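The file upload01.cif comes next; it holds mmCIF, C-alpha atoms.
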data_entry
#
loop_
_atom_site.label_atom_id
_atom_site.label_comp_id
_atom_site.auth_asym_id
_atom_site.auth_seq_id
_atom_site.Cartn_x
_atom_site.Cartn_y
_atom_site.Cartn_z
CA MET A 1 80.52 63.97 91.04
CA ILE A 2 82.93 61.38 92.38
CA GLU A 3 83.22 60.22 95.97
CA PRO A 4 85.52 62.63 97.89
CA GLY A 5 88.89 61.29 98.94
CA LEU A 6 92.39 62.40 99.87
CA TYR A 7 92.94 64.28 96.61
CA HIS A 8 89.83 66.39 97.13
CA MET A 9 91.09 67.42 100.57
CA LEU A 10 94.52 68.25 99.18
CA PHE A 11 92.92 70.27 96.39
CA ILE A 12 90.91 72.30 98.91
CA SER A 13 93.88 72.91 101.18
CA THR A 14 96.19 73.88 98.31
CA THR A 15 93.65 76.29 96.87
CA LEU A 16 93.03 77.80 100.30
CA PHE A 17 96.79 78.20 100.84
CA PHE A 18 97.27 80.11 97.60
CA ILE A 19 94.18 82.25 98.20
CA GLY A 20 95.88 83.21 101.46
CA VAL A 21 99.15 83.90 99.65
CA TYR A 22 97.33 86.10 97.13
CA GLY A 23 95.71 88.04 99.96
CA PHE A 24 99.04 88.43 101.73
CA PHE A 25 100.62 89.85 98.56
CA THR A 26 97.86 92.28 97.65
CA ARG A 27 96.60 93.58 100.99
CA ARG A 28 98.27 96.60 102.53
CA ASN A 29 96.25 96.75 105.75
CA LEU A 30 97.79 94.87 108.68
CA VAL A 31 94.50 93.38 109.91
CA THR A 32 93.63 91.95 106.49
CA MET A 33 97.16 90.57 106.15
CA LEU A 34 96.61 88.82 109.48
CA MET A 35 93.40 87.32 108.05
CA SER A 36 95.35 85.95 105.09
CA VAL A 37 97.83 84.34 107.47
CA GLU A 38 94.93 82.70 109.31
CA LEU A 39 93.71 81.23 106.00
CA ILE A 40 97.18 79.81 105.31
CA LEU A 41 97.35 78.25 108.78
CA ASN A 42 93.92 76.69 108.29
CA SER A 43 94.92 75.13 104.99
CA VAL A 44 97.89 73.50 106.73
CA ASN A 45 95.59 72.15 109.45
CA LEU A 46 93.28 70.67 106.85
CA ASN A 47 96.26 68.99 105.20
CA PHE A 48 97.38 67.38 108.46
CA ILE A 49 93.87 66.12 109.19
CA ALA A 50 93.43 64.75 105.66
CA PHE A 51 96.69 62.79 105.79
CA ASN A 52 95.80 61.49 109.24
CA LYS A 53 92.36 60.38 108.07
CA TYR A 54 93.24 58.76 104.76
CA LEU A 55 96.84 57.56 105.01
CA TRP A 56 97.94 57.09 108.64
CA TYR A 57 94.67 56.27 110.34
CA ASP A 58 96.53 53.98 112.81
CA LYS A 59 98.13 57.02 114.50
CA MET A 60 96.85 60.36 115.79
CA ASP A 61 99.94 62.51 115.22
CA GLY A 62 98.35 64.68 112.53
CA LEU A 63 95.54 65.46 114.92
CA PHE A 64 97.97 66.57 117.65
CA PHE A 65 99.89 68.73 115.21
CA THR A 66 96.61 70.40 114.31
CA ILE A 67 95.75 71.04 117.96
CA PHE A 68 99.16 72.59 118.63
CA ILE A 69 99.00 74.69 115.47
CA ILE A 70 95.60 76.05 116.55
CA ALA A 71 97.00 76.93 119.99
CA ILE A 72 100.03 78.68 118.52
CA ALA A 73 97.84 80.49 115.96
CA ALA A 74 95.70 81.86 118.78
CA ALA A 75 98.80 83.17 120.60
CA GLU A 76 100.15 84.61 117.35
CA ALA A 77 96.90 86.42 116.54
CA ALA A 78 96.73 87.90 120.04
CA VAL A 79 100.31 89.22 119.92
CA ALA A 80 99.83 90.53 116.36
CA ILE A 81 96.70 92.43 117.32
CA ALA A 82 98.44 93.91 120.36
CA ILE A 83 101.22 95.14 118.08
CA ILE A 84 98.69 96.50 115.54
CA ILE A 85 96.82 98.45 118.23
CA ASN A 86 100.08 99.86 119.58
CA LEU A 87 101.09 100.87 116.05
CA TYR A 88 97.73 102.54 115.48
CA ARG A 89 98.23 104.56 118.66
CA SER A 90 101.55 105.97 117.55
CA HIS A 91 100.98 106.29 113.77
CA LYS A 92 97.17 106.70 113.51
CA SER A 93 97.23 104.21 110.66
CA ILE A 94 97.73 100.46 110.22
CA ASP A 95 98.82 100.58 106.61
CA VAL A 96 102.16 98.88 106.03
CA GLU A 97 103.25 101.77 103.80
CA ASN A 98 103.08 104.09 106.83
CA ALA A 99 104.90 101.69 109.17
CA GLU A 100 108.38 101.81 107.71
CA ASP A 101 110.24 103.54 110.54
CA LEU A 102 112.39 100.51 111.14
CA LYS A 103 113.72 100.72 107.59
CA TYR A 104 116.07 103.63 108.24
CA MET B 1 76.18 60.11 94.29
CA SER B 2 75.11 60.11 97.90
CA GLY B 3 73.95 62.84 100.24
CA SER B 4 77.28 62.92 102.05
CA THR B 5 79.10 63.66 98.78
CA VAL B 6 76.78 66.58 98.08
CA ILE B 7 77.35 67.93 101.58
CA PHE B 8 81.11 67.70 101.11
CA TYR B 9 81.00 69.66 97.85
CA LEU B 10 78.76 72.30 99.43
CA LEU B 11 81.18 72.71 102.36
CA ALA B 12 84.15 72.92 100.01
CA ALA B 13 82.41 75.56 97.90
CA LEU B 14 81.46 77.57 101.01
CA THR B 15 85.05 77.46 102.28
CA LEU B 16 86.75 78.42 99.03
CA VAL B 17 84.27 81.06 97.83
CA SER B 18 84.17 82.88 101.15
CA ALA B 19 87.96 82.69 101.45
CA LEU B 20 88.28 84.25 98.00
CA LEU B 21 85.80 86.98 98.93
CA ALA B 22 87.66 87.59 102.21
CA VAL B 23 90.88 88.44 100.40
CA THR B 24 89.31 90.47 97.57
CA THR B 25 86.53 92.58 99.14
CA ARG B 26 87.38 96.20 99.85
CA MET B 27 85.13 96.53 102.90
CA ILE B 28 87.29 95.39 105.81
CA PHE B 29 84.39 94.41 108.07
CA ARG B 30 82.90 92.24 105.31
CA ALA B 31 86.29 90.61 104.88
CA ALA B 32 86.18 89.57 108.55
CA ILE B 33 82.67 88.12 108.13
CA TYR B 34 83.70 86.18 105.01
CA LEU B 35 86.68 84.85 106.94
CA LEU B 36 84.23 83.70 109.63
CA PHE B 37 82.22 81.74 107.05
CA SER B 38 85.37 80.21 105.59
CA LEU B 39 86.46 79.00 109.03
CA ILE B 40 83.00 77.58 109.68
CA GLY B 41 83.22 75.72 106.35
CA ILE B 42 86.53 74.19 107.44
CA ALA B 43 84.97 73.16 110.76
CA GLY B 44 82.19 71.53 108.71
CA ILE B 45 84.76 69.59 106.71
CA TYR B 46 86.29 68.35 109.98
CA PHE B 47 82.81 67.23 111.06
CA TRP B 48 82.37 65.54 107.68
CA LEU B 49 85.65 63.66 108.23
CA GLN B 50 84.30 62.59 111.67
CA TYR B 51 87.02 64.43 113.62
CA GLU B 52 84.49 65.97 115.96
CA PHE B 53 86.96 67.12 118.60
CA ILE B 54 89.05 69.10 116.11
CA ALA B 55 85.88 70.60 114.63
CA ALA B 56 84.78 71.74 118.09
CA VAL B 57 88.23 73.19 118.81
CA GLN B 58 88.17 74.97 115.45
CA ILE B 59 84.82 76.57 116.21
CA VAL B 60 85.71 77.54 119.77
CA VAL B 61 89.19 78.92 119.09
CA TYR B 62 88.91 80.35 115.58
CA VAL B 63 85.28 81.37 115.23
CA GLY B 64 84.75 82.25 118.87
CA GLY B 65 88.19 83.65 119.61
CA ILE B 66 90.33 84.84 116.75
CA VAL B 67 87.57 86.26 114.53
CA VAL B 68 86.06 88.16 117.47
CA LEU B 69 89.53 89.51 118.26
CA ILE B 70 89.97 90.59 114.62
CA ILE B 71 86.55 92.28 114.58
CA PHE B 72 87.40 94.18 117.77
CA SER B 73 90.70 95.33 116.34
CA ILE B 74 88.85 96.53 113.22
CA PHE B 75 86.51 98.53 115.44
CA LEU B 76 89.46 100.04 117.29
CA THR B 77 91.55 100.97 114.28
CA GLN B 78 89.19 101.73 111.38
CA GLN B 79 86.84 104.58 110.63
CA ALA B 80 83.25 103.43 110.05
CA GLY B 81 82.28 102.87 106.42
CA GLU B 82 85.77 103.52 105.15
CA GLN B 83 86.89 101.41 102.21
CA LEU B 84 90.37 100.01 101.78
CA SER B 85 92.43 101.90 99.25
CA LYS B 86 92.48 100.45 95.77
CA GLN B 87 95.56 98.42 94.94
CA LYS B 88 97.71 98.97 91.90
CA LEU B 89 96.66 96.76 89.01
CA GLY B 90 100.21 95.60 88.41
CA ARG B 91 100.61 94.40 91.98
CA GLN B 92 97.31 92.52 91.86
CA LEU B 93 98.24 90.96 88.53
CA PHE B 94 101.65 89.78 89.71
CA ALA B 95 100.24 88.46 93.00
CA ALA B 96 97.58 86.51 91.12
CA LEU B 97 100.20 85.20 88.70
CA ALA B 98 102.50 84.09 91.54
CA ALA B 99 99.65 82.41 93.41
CA PHE B 100 98.43 80.68 90.26
CA CYS B 101 101.90 79.44 89.34
CA GLY B 102 102.38 78.02 92.83
CA LEU B 103 98.96 76.37 92.67
CA ALA B 104 99.70 74.83 89.28
CA LEU B 105 103.08 73.54 90.47
CA VAL B 106 101.65 71.90 93.60
CA MET B 107 98.72 70.43 91.66
CA LEU B 108 101.09 68.96 89.08
CA GLN B 109 103.14 67.33 91.84
CA LEU B 110 99.98 66.00 93.50
CA ALA B 111 98.70 64.48 90.27
CA GLN B 112 101.98 62.63 89.72
CA HIS B 113 102.45 61.41 93.28
CA ALA B 114 100.85 58.15 94.39
CA PHE B 115 100.15 58.09 98.13
CA VAL B 116 100.51 54.75 99.92
CA GLU B 117 98.27 54.24 102.90
CA THR B 118 99.27 52.19 105.92
CA GLY B 119 97.47 48.89 106.29
CA ASN B 120 97.33 48.89 110.08
CA LYS B 121 94.20 48.90 112.17
CA ALA B 122 92.58 52.32 112.50
CA ILE B 123 92.38 54.21 115.82
CA GLU B 124 89.16 56.08 116.48
CA PRO B 125 89.95 59.75 117.26
CA THR B 126 87.69 59.82 120.30
CA VAL B 127 88.20 62.33 123.09
CA ALA B 128 89.35 59.53 125.45
CA ASN B 129 92.06 58.38 123.03
CA ILE B 130 93.15 61.96 122.38
CA GLY B 131 93.35 62.73 126.09
CA ASN B 132 95.33 59.58 126.88
CA GLN B 133 97.93 60.31 124.22
CA MET B 134 98.03 64.06 124.88
CA LEU B 135 99.06 63.57 128.52
CA GLY B 136 101.03 60.37 128.00
CA VAL B 137 104.70 60.34 129.05
CA ASP B 138 105.62 57.06 127.35
CA GLU B 139 106.55 56.67 123.68
CA GLY B 140 104.30 58.70 121.40
CA GLY B 141 102.94 60.79 124.26
CA TYR B 142 102.59 64.52 123.84
CA SER B 143 102.96 65.78 127.41
CA LEU B 144 106.20 67.72 126.77
CA PRO B 145 104.81 69.72 123.80
CA PHE B 146 101.67 70.25 125.87
CA GLU B 147 103.70 71.88 128.64
CA VAL B 148 105.73 73.92 126.14
CA VAL B 149 102.54 75.23 124.53
CA SER B 150 101.17 76.19 127.94
CA MET B 151 104.35 78.19 128.60
CA LEU B 152 104.03 79.79 125.16
CA LEU B 153 100.45 80.83 125.86
CA LEU B 154 101.50 82.35 129.19
CA ALA B 155 104.33 84.23 127.49
CA ALA B 156 101.96 85.47 124.76
CA LEU B 157 99.47 86.62 127.41
CA ILE B 158 102.10 88.64 129.28
CA GLY B 159 103.58 89.92 126.03
CA CYS B 160 100.20 91.17 124.82
CA ILE B 161 99.61 93.06 128.04
CA VAL B 162 103.07 94.64 127.95
CA ILE B 163 102.86 95.62 124.27
CA ALA B 164 99.34 97.05 124.35
CA LEU B 165 99.85 98.81 127.69
CA LYS B 166 99.22 102.51 127.51
CA SER B 167 102.22 104.37 128.89
CA LYS B 168 101.14 106.60 131.75
CA PRO B 169 101.62 110.31 131.31
CA GLU B 170 104.25 111.64 133.70
CA THR B 171 102.49 113.08 136.76
CA GLU B 172 104.88 115.08 138.88
#

Could you show the structure in this file as structure tokens?
Amino acid sequence: MIEPGLYHMLFISTTLFFIGVYGFFTRRNLVTMLMSVELILNSVNLNFIAFNKYLWYDKMDGLFFTIFIIAIAAAEAAVAIAIIINLYRSHKSIDVENAEDLKY
Amino acid sequence: MSGSTVIFYLLAALTLVSALLAVTTRMIFRAAIYLLFSLIGIAGIYFWLQYEFIAAVQIVVYVGGIVVLIIFSIFLTQQAGEQLSKQKLGRQLFAALAAFCGLALVMLQLAQHAFVETGNKAIEPTVANIGNQMLGVDEGGYSLPFEVVSMLLLAALIGCIVIALKSKPETE
């Protein structure tokens, strides 16, 4: 095993991103799709932190981007869950196949 | 090979394996718990990188906030013990193929790209430094985005209440 560095972090974040993409493609339940989006957002955060730590350690901009992304992700999750609960009330299901009223 | 290297590989394995389980398991509640472990693994990686403040924020906001919110929404919208419906094999296959192709493309680019690090003196990401720059109004300060995010959170709060509000039945 070699000493971990920038490339290890980028490997983890890339793999996490595409695991999230796979989940977003295959899942049909809105809550699990939201979980996949959270995984994607976390991989981006890890990327920012890794670049800040290994390449631009004289600044803290990556760290601030991460903080703001976490704040926006929290707001996004709250609004998404409010929408999901409202959808469940009117359709009795949170499957995306049953939520296609806007299509027509 | 030192102890810190071993810890890093363990954290990476925890993060990736539980993320993979979170998107493939058919029990929705287990998916939420695997997501919890994946987020804890990422917080551990932040601790390993010695970004303690971000690690604490990750645990407080994600593990303590978002995952609890997701678990509550599962309770509110799902029947107990119900499994998610099985996906078509073709869809799974094509999703895996697309994800794998993207992964291979990015990895190829990463292997060819040489990153150049800055040679300047490092800043310690202590809470005092973070606070000074977060509320700074001079060059490089982040007070304007800070205010914008606070407005966004307020808007999200009000929006959530309005969206999830139960409409009252008409009473005379």

Give me the chain A side of the contact with chain B, cut-off 8 Å, one line per residue showing its nearest atom pair and distance in Å at one decimal, counting only C-alpha atoms, sorted by chain and residue number, as JSON lines.
{"residue": "A:Met1", "atom": "CA", "partner": "B:Met1", "partner_atom": "CA", "distance": 6.7}
{"residue": "A:Ile2", "atom": "CA", "partner": "B:Met1", "partner_atom": "CA", "distance": 7.1}
{"residue": "A:Glu3", "atom": "CA", "partner": "B:Thr5", "partner_atom": "CA", "distance": 6.1}
{"residue": "A:Pro4", "atom": "CA", "partner": "B:Thr5", "partner_atom": "CA", "distance": 6.6}
{"residue": "A:Tyr7", "atom": "CA", "partner": "B:Leu110", "partner_atom": "CA", "distance": 7.9}
{"residue": "A:Phe11", "atom": "CA", "partner": "B:Met107", "partner_atom": "CA", "distance": 7.5}
{"residue": "A:Ile12", "atom": "CA", "partner": "B:Ala12", "partner_atom": "CA", "distance": 6.9}
{"residue": "A:Thr14", "atom": "CA", "partner": "B:Leu103", "partner_atom": "CA", "distance": 6.8}
{"residue": "A:Thr15", "atom": "CA", "partner": "B:Leu103", "partner_atom": "CA", "distance": 6.8}
{"residue": "A:Leu16", "atom": "CA", "partner": "B:Leu16", "partner_atom": "CA", "distance": 6.4}
{"residue": "A:Phe18", "atom": "CA", "partner": "B:Ala99", "partner_atom": "CA", "distance": 5.3}
{"residue": "A:Ile19", "atom": "CA", "partner": "B:Leu20", "partner_atom": "CA", "distance": 6.2}
{"residue": "A:Gly20", "atom": "CA", "partner": "B:Val23", "partner_atom": "CA", "distance": 7.3}
{"residue": "A:Val21", "atom": "CA", "partner": "B:Ala99", "partner_atom": "CA", "distance": 6.4}
{"residue": "A:Tyr22", "atom": "CA", "partner": "B:Ala95", "partner_atom": "CA", "distance": 5.6}
{"residue": "A:Gly23", "atom": "CA", "partner": "B:Val23", "partner_atom": "CA", "distance": 4.9}
{"residue": "A:Phe25", "atom": "CA", "partner": "B:Ala95", "partner_atom": "CA", "distance": 5.7}
{"residue": "A:Thr26", "atom": "CA", "partner": "B:Gln92", "partner_atom": "CA", "distance": 5.8}
{"residue": "A:Arg27", "atom": "CA", "partner": "B:Val23", "partner_atom": "CA", "distance": 7.7}
{"residue": "A:Asn29", "atom": "CA", "partner": "B:Leu84", "partner_atom": "CA", "distance": 7.8}
{"residue": "A:Val31", "atom": "CA", "partner": "B:Ile70", "partner_atom": "CA", "distance": 7.1}
{"residue": "A:Thr32", "atom": "CA", "partner": "B:Ile28", "partner_atom": "CA", "distance": 7.2}
{"residue": "A:Met35", "atom": "CA", "partner": "B:Leu35", "partner_atom": "CA", "distance": 7.2}
{"residue": "A:Ser36", "atom": "CA", "partner": "B:Val23", "partner_atom": "CA", "distance": 6.9}
{"residue": "A:Leu39", "atom": "CA", "partner": "B:Ala19", "partner_atom": "CA", "distance": 7.5}
{"residue": "A:Asn42", "atom": "CA", "partner": "B:Leu39", "partner_atom": "CA", "distance": 7.8}
{"residue": "A:Leu46", "atom": "CA", "partner": "B:Ile42", "partner_atom": "CA", "distance": 7.6}
{"residue": "A:Ile49", "atom": "CA", "partner": "B:Tyr46", "partner_atom": "CA", "distance": 7.9}
{"residue": "A:Lys53", "atom": "CA", "partner": "B:Leu49", "partner_atom": "CA", "distance": 7.5}
{"residue": "A:Tyr54", "atom": "CA", "partner": "B:Glu117", "partner_atom": "CA", "distance": 7.0}
{"residue": "A:Leu55", "atom": "CA", "partner": "B:Glu117", "partner_atom": "CA", "distance": 4.2}
{"residue": "A:Trp56", "atom": "CA", "partner": "B:Thr118", "partner_atom": "CA", "distance": 5.8}
{"residue": "A:Tyr57", "atom": "CA", "partner": "B:Ala122", "partner_atom": "CA", "distance": 5.0}
{"residue": "A:Asp58", "atom": "CA", "partner": "B:Ala122", "partner_atom": "CA", "distance": 4.3}
{"residue": "A:Lys59", "atom": "CA", "partner": "B:Ile123", "partner_atom": "CA", "distance": 6.5}
{"residue": "A:Met60", "atom": "CA", "partner": "B:Pro125", "partner_atom": "CA", "distance": 7.1}
{"residue": "A:Leu63", "atom": "CA", "partner": "B:Ile54", "partner_atom": "CA", "distance": 7.5}
{"residue": "A:Phe64", "atom": "CA", "partner": "B:Met134", "partner_atom": "CA", "distance": 7.7}
{"residue": "A:Thr66", "atom": "CA", "partner": "B:Ile54", "partner_atom": "CA", "distance": 7.9}
{"residue": "A:Ile67", "atom": "CA", "partner": "B:Ile54", "partner_atom": "CA", "distance": 7.2}
{"residue": "A:Phe68", "atom": "CA", "partner": "B:Val149", "partner_atom": "CA", "distance": 7.3}
{"residue": "A:Ile70", "atom": "CA", "partner": "B:Val61", "partner_atom": "CA", "distance": 7.5}
{"residue": "A:Ala71", "atom": "CA", "partner": "B:Val149", "partner_atom": "CA", "distance": 7.4}
{"residue": "A:Ile72", "atom": "CA", "partner": "B:Val149", "partner_atom": "CA", "distance": 7.4}
{"residue": "A:Ala74", "atom": "CA", "partner": "B:Ile66", "partner_atom": "CA", "distance": 6.5}
{"residue": "A:Ala75", "atom": "CA", "partner": "B:Ala156", "partner_atom": "CA", "distance": 5.7}
{"residue": "A:Glu76", "atom": "CA", "partner": "B:Ala156", "partner_atom": "CA", "distance": 7.7}
{"residue": "A:Ala77", "atom": "CA", "partner": "B:Ile66", "partner_atom": "CA", "distance": 6.8}
{"residue": "A:Ala78", "atom": "CA", "partner": "B:Cys160", "partner_atom": "CA", "distance": 6.8}
{"residue": "A:Val79", "atom": "CA", "partner": "B:Cys160", "partner_atom": "CA", "distance": 5.3}
{"residue": "A:Ile81", "atom": "CA", "partner": "B:Ser73", "partner_atom": "CA", "distance": 6.7}
{"residue": "A:Ala82", "atom": "CA", "partner": "B:Ala164", "partner_atom": "CA", "distance": 5.2}
{"residue": "A:Ile83", "atom": "CA", "partner": "B:Ile163", "partner_atom": "CA", "distance": 6.4}
{"residue": "A:Ile85", "atom": "CA", "partner": "B:Ala164", "partner_atom": "CA", "distance": 6.8}
{"residue": "A:Asn86", "atom": "CA", "partner": "B:Ala164", "partner_atom": "CA", "distance": 5.6}
{"residue": "A:Tyr88", "atom": "CA", "partner": "B:Thr77", "partner_atom": "CA", "distance": 6.5}
{"residue": "A:Ser93", "atom": "CA", "partner": "B:Thr77", "partner_atom": "CA", "distance": 7.5}
{"residue": "A:Ile94", "atom": "CA", "partner": "B:Thr77", "partner_atom": "CA", "distance": 7.4}

Using all atoms listed in the file, determine which residues lie at most 9 Å from Ala50 (chain A), disregarding the query and same-chain residues fewer than 6 positions distant; provide the list as a VMD selection string. (chain A and resid 5 to 6 9 to 10 62) or (chain B and resid 49)

When you draw a straight line from CA of Asn98 (chain A) to CA of Phe24 (chain A), how long is it in Å?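 CA of Phe24 (chain A) lies at a distance of 17.0 Å from CA of Asn98 (chain A).
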
Can you tell me how far CA of Thr126 (chain B) sits from CA of Ile40 (chain B), in Å to one decimal? 21.2 Å

For CA of Val63 (chain B) and CA of Val44 (chain A), the interatomic separation in Å (one decimal):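 It comes out at 17.1 Å.
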
Could the centre and edge lengths of an axis-aligned box, enclosing all atoms of region 67-75 of chain A in the file with 6 Å extra on each side, be given in Å to one decimal as AutoDock Vina command-line options?
--center_x 97.8 --center_y 77.1 --center_z 118.0 --size_x 16.4 --size_y 24.1 --size_z 17.1
